[in-house]
>>> print(open('entry20.txt').read())   # compact mmCIF, N, CA and C atoms
# COMPACT_ATOMS: atom_id res chain seq x y z
N MET A 1 16.99 -4.55 -8.82
CA MET A 1 15.62 -4.87 -8.47
C MET A 1 14.98 -3.71 -7.70
N GLU A 2 15.69 -3.18 -6.70
CA GLU A 2 15.16 -2.07 -5.92
C GLU A 2 14.91 -0.85 -6.80
N GLN A 3 15.83 -0.60 -7.73
CA GLN A 3 15.67 0.54 -8.65
C GLN A 3 14.41 0.36 -9.49
N GLN A 4 14.15 -0.87 -9.91
CA GLN A 4 12.96 -1.14 -10.72
C GLN A 4 11.70 -0.89 -9.89
N GLN A 5 11.71 -1.28 -8.61
CA GLN A 5 10.56 -1.04 -7.75
C GLN A 5 10.32 0.45 -7.58
N ARG A 6 11.38 1.22 -7.39
CA ARG A 6 11.24 2.66 -7.23
C ARG A 6 10.63 3.29 -8.48
N SER A 7 11.08 2.86 -9.65
CA SER A 7 10.58 3.47 -10.88
C SER A 7 9.14 3.11 -11.15
N SER A 8 8.66 1.98 -10.64
CA SER A 8 7.27 1.60 -10.88
C SER A 8 6.32 2.16 -9.83
N ARG A 9 6.85 2.76 -8.78
CA ARG A 9 6.01 3.33 -7.74
C ARG A 9 5.42 4.66 -8.19
N PHE A 10 4.33 4.98 -7.58
CA PHE A 10 3.63 6.23 -7.85
C PHE A 10 4.51 7.40 -7.44
N ASN A 11 4.70 8.37 -8.34
CA ASN A 11 5.52 9.53 -8.06
C ASN A 11 4.65 10.77 -8.14
N LEU A 12 4.30 11.29 -6.98
CA LEU A 12 3.41 12.43 -6.90
C LEU A 12 4.02 13.68 -7.52
N ASP A 13 5.31 13.91 -7.29
CA ASP A 13 5.98 15.08 -7.87
C ASP A 13 5.92 15.04 -9.39
N GLU A 14 6.19 13.88 -9.96
CA GLU A 14 6.17 13.74 -11.42
C GLU A 14 4.77 13.97 -11.97
N LEU A 15 3.77 13.43 -11.29
CA LEU A 15 2.39 13.61 -11.75
C LEU A 15 1.99 15.09 -11.69
N ALA A 16 2.36 15.78 -10.61
CA ALA A 16 2.05 17.21 -10.49
C ALA A 16 2.75 18.00 -11.59
N ARG A 17 4.00 17.65 -11.90
CA ARG A 17 4.74 18.32 -12.97
C ARG A 17 4.05 18.11 -14.31
N GLN A 18 3.63 16.87 -14.57
CA GLN A 18 2.95 16.57 -15.84
C GLN A 18 1.63 17.33 -15.96
N LEU A 19 0.89 17.42 -14.86
CA LEU A 19 -0.36 18.18 -14.89
C LEU A 19 -0.09 19.65 -15.17
N ALA A 20 0.93 20.20 -14.52
CA ALA A 20 1.27 21.61 -14.74
C ALA A 20 1.68 21.84 -16.19
N GLU A 21 2.40 20.90 -16.77
CA GLU A 21 2.83 21.04 -18.17
C GLU A 21 1.67 20.90 -19.15
N SER A 22 0.60 20.25 -18.73
CA SER A 22 -0.53 20.04 -19.64
C SER A 22 -1.45 21.27 -19.71
N VAL A 23 -1.21 22.24 -18.86
CA VAL A 23 -2.00 23.47 -18.85
C VAL A 23 -1.63 24.30 -20.08
N PRO A 24 -2.61 24.99 -20.68
CA PRO A 24 -2.31 25.83 -21.86
C PRO A 24 -1.16 26.81 -21.59
N HIS A 25 -0.43 27.12 -22.64
CA HIS A 25 0.76 27.96 -22.53
C HIS A 25 0.50 29.31 -21.88
N ASN A 26 -0.63 29.94 -22.17
CA ASN A 26 -0.89 31.26 -21.60
C ASN A 26 -1.09 31.22 -20.08
N LEU A 27 -1.36 30.04 -19.53
CA LEU A 27 -1.51 29.91 -18.08
C LEU A 27 -0.24 29.40 -17.40
N ARG A 28 0.74 28.99 -18.18
CA ARG A 28 1.96 28.42 -17.61
C ARG A 28 2.83 29.43 -16.88
N VAL A 29 2.51 30.71 -17.03
CA VAL A 29 3.27 31.73 -16.30
C VAL A 29 3.11 31.53 -14.79
N LEU A 30 2.08 30.82 -14.42
CA LEU A 30 1.88 30.51 -13.00
C LEU A 30 2.91 29.49 -12.51
N GLY A 31 3.47 28.75 -13.45
CA GLY A 31 4.58 27.84 -13.23
C GLY A 31 4.56 27.01 -11.97
N GLN A 32 5.52 27.27 -11.09
CA GLN A 32 5.70 26.44 -9.91
C GLN A 32 4.52 26.53 -8.95
N ASP A 33 3.84 27.67 -8.91
CA ASP A 33 2.66 27.78 -8.06
C ASP A 33 1.60 26.77 -8.50
N LEU A 34 1.42 26.67 -9.80
CA LEU A 34 0.44 25.72 -10.33
C LEU A 34 0.85 24.28 -9.99
N GLU A 35 2.12 23.98 -10.14
CA GLU A 35 2.62 22.63 -9.83
C GLU A 35 2.43 22.32 -8.34
N ARG A 36 2.75 23.29 -7.48
CA ARG A 36 2.56 23.08 -6.03
C ARG A 36 1.09 22.87 -5.70
N ASN A 37 0.22 23.65 -6.34
CA ASN A 37 -1.22 23.49 -6.09
C ASN A 37 -1.72 22.13 -6.56
N PHE A 38 -1.25 21.67 -7.71
CA PHE A 38 -1.63 20.33 -8.17
C PHE A 38 -1.16 19.28 -7.16
N LYS A 39 0.07 19.42 -6.69
CA LYS A 39 0.62 18.45 -5.74
C LYS A 39 -0.21 18.44 -4.45
N THR A 40 -0.57 19.63 -3.96
CA THR A 40 -1.38 19.72 -2.74
C THR A 40 -2.74 19.07 -2.93
N LEU A 41 -3.37 19.33 -4.07
CA LEU A 41 -4.67 18.73 -4.35
C LEU A 41 -4.57 17.20 -4.46
N LEU A 42 -3.53 16.73 -5.11
CA LEU A 42 -3.33 15.29 -5.23
C LEU A 42 -3.10 14.64 -3.87
N GLN A 43 -2.25 15.26 -3.04
CA GLN A 43 -1.99 14.71 -1.71
C GLN A 43 -3.27 14.67 -0.88
N SER A 44 -4.07 15.72 -0.96
CA SER A 44 -5.32 15.77 -0.22
C SER A 44 -6.27 14.65 -0.67
N GLY A 45 -6.36 14.46 -1.98
CA GLY A 45 -7.23 13.40 -2.50
C GLY A 45 -6.76 12.02 -2.08
N ILE A 46 -5.46 11.81 -2.10
CA ILE A 46 -4.90 10.51 -1.72
C ILE A 46 -5.13 10.25 -0.23
N GLU A 47 -4.96 11.28 0.60
CA GLU A 47 -5.18 11.12 2.03
C GLU A 47 -6.63 10.75 2.33
N ARG A 48 -7.57 11.32 1.60
CA ARG A 48 -8.99 11.00 1.80
C ARG A 48 -9.31 9.57 1.42
N MET A 49 -8.50 8.98 0.54
CA MET A 49 -8.72 7.59 0.13
C MET A 49 -8.25 6.60 1.19
N GLU A 50 -7.55 7.08 2.20
CA GLU A 50 -7.04 6.26 3.29
C GLU A 50 -6.18 5.11 2.77
N LEU A 51 -5.29 5.42 1.85
CA LEU A 51 -4.36 4.43 1.32
C LEU A 51 -3.24 4.18 2.32
N VAL A 52 -2.63 3.02 2.23
CA VAL A 52 -1.49 2.71 3.10
C VAL A 52 -0.23 2.65 2.26
N SER A 53 0.89 2.84 2.92
CA SER A 53 2.17 2.78 2.21
C SER A 53 2.50 1.32 1.88
N ARG A 54 3.42 1.12 0.97
CA ARG A 54 3.87 -0.22 0.60
C ARG A 54 4.49 -0.90 1.82
N GLU A 55 5.25 -0.14 2.62
CA GLU A 55 5.89 -0.70 3.79
C GLU A 55 4.86 -1.21 4.80
N GLU A 56 3.80 -0.40 5.04
CA GLU A 56 2.75 -0.82 5.96
C GLU A 56 2.00 -2.04 5.43
N PHE A 57 1.75 -2.05 4.13
CA PHE A 57 1.08 -3.18 3.51
C PHE A 57 1.90 -4.46 3.67
N ASP A 58 3.21 -4.36 3.40
CA ASP A 58 4.09 -5.53 3.52
C ASP A 58 4.17 -6.01 4.96
N LEU A 59 4.19 -5.08 5.91
CA LEU A 59 4.23 -5.44 7.33
C LEU A 59 2.96 -6.20 7.71
N GLN A 60 1.82 -5.70 7.30
CA GLN A 60 0.55 -6.36 7.61
C GLN A 60 0.44 -7.72 6.93
N ARG A 61 0.99 -7.84 5.74
CA ARG A 61 0.99 -9.12 5.05
C ARG A 61 1.81 -10.14 5.83
N ALA A 62 2.97 -9.72 6.35
CA ALA A 62 3.82 -10.62 7.13
C ALA A 62 3.11 -11.05 8.41
N VAL A 63 2.42 -10.13 9.07
CA VAL A 63 1.66 -10.47 10.28
C VAL A 63 0.58 -11.48 9.94
N LEU A 64 -0.12 -11.27 8.86
CA LEU A 64 -1.18 -12.19 8.44
C LEU A 64 -0.62 -13.58 8.12
N GLU A 65 0.52 -13.64 7.44
CA GLU A 65 1.12 -14.92 7.11
C GLU A 65 1.53 -15.68 8.38
N ARG A 66 2.10 -14.97 9.36
CA ARG A 66 2.48 -15.62 10.63
C ARG A 66 1.23 -16.10 11.37
N THR A 67 0.19 -15.29 11.37
CA THR A 67 -1.05 -15.66 12.05
C THR A 67 -1.68 -16.88 11.38
N ARG A 68 -1.66 -16.89 10.07
CA ARG A 68 -2.22 -18.03 9.33
C ARG A 68 -1.45 -19.31 9.64
N ALA A 69 -0.13 -19.22 9.70
CA ALA A 69 0.69 -20.40 10.01
C ALA A 69 0.40 -20.91 11.42
N LYS A 70 0.27 -19.99 12.38
CA LYS A 70 -0.05 -20.41 13.76
C LYS A 70 -1.43 -21.05 13.82
N LEU A 71 -2.39 -20.50 13.09
CA LEU A 71 -3.73 -21.07 13.07
C LEU A 71 -3.71 -22.48 12.51
N GLU A 72 -2.97 -22.69 11.43
CA GLU A 72 -2.87 -24.03 10.85
C GLU A 72 -2.24 -25.01 11.84
N GLN A 73 -1.21 -24.57 12.58
CA GLN A 73 -0.58 -25.42 13.58
C GLN A 73 -1.59 -25.77 14.69
N MET A 74 -2.36 -24.79 15.12
CA MET A 74 -3.34 -25.03 16.18
C MET A 74 -4.46 -25.95 15.70
N GLU A 75 -4.87 -25.81 14.45
CA GLU A 75 -5.91 -26.70 13.91
C GLU A 75 -5.41 -28.13 13.87
N THR A 76 -4.15 -28.32 13.47
CA THR A 76 -3.56 -29.66 13.42
C THR A 76 -3.49 -30.23 14.83
N ARG A 77 -3.02 -29.44 15.77
CA ARG A 77 -2.90 -29.91 17.16
C ARG A 77 -4.27 -30.25 17.74
N LEU A 78 -5.28 -29.42 17.47
CA LEU A 78 -6.63 -29.69 17.94
C LEU A 78 -7.17 -30.99 17.36
N ALA A 79 -6.94 -31.21 16.08
CA ALA A 79 -7.40 -32.45 15.44
C ALA A 79 -6.72 -33.66 16.09
N ASP A 80 -5.42 -33.55 16.40
CA ASP A 80 -4.71 -34.64 17.07
C ASP A 80 -5.29 -34.90 18.45
N LEU A 81 -5.53 -33.84 19.23
CA LEU A 81 -6.10 -34.00 20.57
C LEU A 81 -7.50 -34.60 20.51
N GLU A 82 -8.31 -34.16 19.56
CA GLU A 82 -9.65 -34.73 19.41
C GLU A 82 -9.58 -36.21 19.05
N GLY A 83 -8.58 -36.54 18.20
CA GLY A 83 -8.40 -37.93 17.83
C GLY A 83 -8.03 -38.79 19.03
N HIS A 84 -7.16 -38.29 19.90
CA HIS A 84 -6.76 -39.02 21.11
C HIS A 84 -7.94 -39.17 22.06
N LEU A 85 -8.75 -38.15 22.18
CA LEU A 85 -9.93 -38.23 23.06
C LEU A 85 -10.95 -39.22 22.53
N ALA A 86 -11.10 -39.29 21.24
CA ALA A 86 -12.08 -40.19 20.62
C ALA A 86 -11.66 -41.65 20.83
N LYS A 87 -10.36 -41.92 20.95
CA LYS A 87 -9.86 -43.28 21.12
C LYS A 87 -10.03 -43.78 22.55
N LYS A 88 -10.12 -42.88 23.52
CA LYS A 88 -10.26 -43.28 24.92
C LYS A 88 -11.69 -43.72 25.18
N PRO A 89 -11.84 -44.83 26.00
CA PRO A 89 -13.20 -45.32 26.30
C PRO A 89 -13.95 -44.49 27.30
>>> encode(input="entry20.txt", output="structure tokens")
Amino acid sequence: MEQQQRSSRFNLDELARQLAESVPHNLRVLGQDLERNFKTLLQSGIERMELVSREEFDLQRAVLERTRAKLEQMETRLADLEGHLAKKP
């Protein structure tokens, strides 16, 4: 399962390699320099998008789920307390 997740994740090195390979043959003499430049440009573009890592996303999702559960518990408790107050003369 973990291996499958890794293979489906975005691979910046692979994308930079593919871009470098797509350049016409007469420009491929630039080789690794071209691949490094593609990688740098891609990293810069991704950083400007303010994306978060999968780990950070999962952490925030867990925090949200815990917060939602606590909110539901508090809503239930509040409804019970309001019900008790409504019954008192």
>>> select_by_dssp(input="entry20.txt", residues="region 3-78 of chain A", states="alpha helix (DSSP H)", output="ChimeraX atom specification")
/A:3-8,12-21,31-48,54-78
>>> residues_around(input="entry20.txt", residues="region 33-48 of chain A", least_positions_apart="4", cutoff="8 Å", atoms="only C-alpha atoms", output="ChimeraX atom specification")
/A:12-13,15-17,19-20,28
>>> atom_distance(input="entry20.txt", atom1="atom C of Ser53 (chain A)", atom2="atom N of Asn11 (chain A)")
12.6 Å
>>> atom_distance(input="entry20.txt", atom1="atom C of Glu14 (chain A)", atom2="atom C of Val52 (chain A)")
18.9 Å
>>> atom_distance(input="entry20.txt", atom1="atom C of Arg54 (chain A)", atom2="atom C of Glu72 (chain A)")
27.0 Å
